[in-house]
Amino acid sequence: MIETISAIVISILPFLYLFTQIKILGNFTYAFANIAGFIGAILLFWEFILGIKPFAKRISANPAVFIKLHIFLGVWGMFFVLIHPILEMFSYAEKLTFLYVPDLSSSFATHITLGRFAILLVLLVWITSTFLRQNISYKKWINIHYLSYPMMFFVFIHALDIGSYLNTFVFIKIYWIILLCLYLILVVWRIIDAIKNSIKK
């Protein structure tokens, strides 16, 4: 368990370094908006990883311990992911519609819209887990949870071409691409594992 928590903290450190580089890209609000998005993405990525049973079983023999960590990652991941677009809206002096109206008019706008889609999926998964879990069947709940797969993909692609820090600091972009590759490997592995299990049945 300690090893897992340490790994989570270490995975966030590259983005915490960006707090020392605020002057390069503007004011604190804009900088914190971007850094919050990165931190939220990392926390949700870890929640995604620990939602895979083989990994979850390695964390702790006590399910209660894992559940607490899973909830912690979900709550704080949601917090940082939600304040990211709100702070961006203030930074760009945009209207409230900036948060939810899709815009595919350009490559830049399309990547921002992928972020909107990601937040929509995060909210859907979070709401069904927090408020509706007792009112829906396990099968429906787990199917909704599978939305975390496209959600994480949208998150990674959303920032890849428009992230100011990604385009300014090469090591951050390389790190982000490594995380994206790790995510894709996990998705392929999960698909192969699901196919093998269905064949056995």
# chains A, B, ... in the order shown; residues from 1 in each chain; ligands from 1
>>> closest_atom_pairs(of="stretch 55-136 of chain A", to="stretch 145-166 of chain A", cutoff="8 Å", atoms="only C-alpha atoms", output="tab-separated table")
residue	atom	partner	partner_atom	distance
A:Phe108	CA	A:Ile162	CA	6.4
A:His111	CA	A:His158	CA	4.7
A:Ile112	CA	A:His158	CA	6.1
A:Thr113	CA	A:His158	CA	7.8
A:Leu114	CA	A:Phe154	CA	5.4
A:Gly115	CA	A:His158	CA	5.4
A:Phe117	CA	A:Phe154	CA	7.2
A:Ala118	CA	A:Met151	CA	4.7
A:Ile119	CA	A:Met151	CA	7.7
A:Leu121	CA	A:Met151	CA	5.9
A:Val122	CA	A:Met151	CA	6.9
A:Val125	CA	A:His145	CA	5.8
>>> select_by_dssp(residues="stretch 102-175 of chain A", states="alpha helix (DSSP H)", output="MDAnalysis selection string")
chainID A and resid 107:130 138:145 148:160 164:168 170:175
>>> atom_distance(atom1="atom CA of A:Thr4", atom2="atom CA of A:Phe169")
27.0 Å
>>> closest_residue(among="A:Thr29, A:Gly51, A:Trp46, A:Leu104", to="A:Ile10", atoms="only C-alpha atoms")
A:Trp46
>>> residues_around(residues="A:Phe79", least_positions_apart="4", cutoff="9 Å", atoms="only C-alpha atoms", output="list in words")
Ala36, Gly40, Gly74, Val75, Ile83 and His84 of chain A
>>> write_last_selection(atoms="C-alpha atoms", output="PDB file, in the first residue's frame")
ATOM      1  CA  ALA A  36      -4.747  21.303 -11.842  1.00  0.00           C
ATOM      2  CA  GLY A  40      -6.565  15.610 -11.886  1.00  0.00           C
ATOM      3  CA  GLY A  74     -11.895   9.747  -7.259  1.00  0.00           C
ATOM      4  CA  VAL A  75     -12.776  12.687  -5.011  1.00  0.00           C
ATOM      5  CA  ILE A  83     -11.551  23.379 -11.395  1.00  0.00           C
ATOM      6  CA  HIS A  84      -9.310  23.059 -14.473  1.00  0.00           C
TER       7      HIS A  84
END
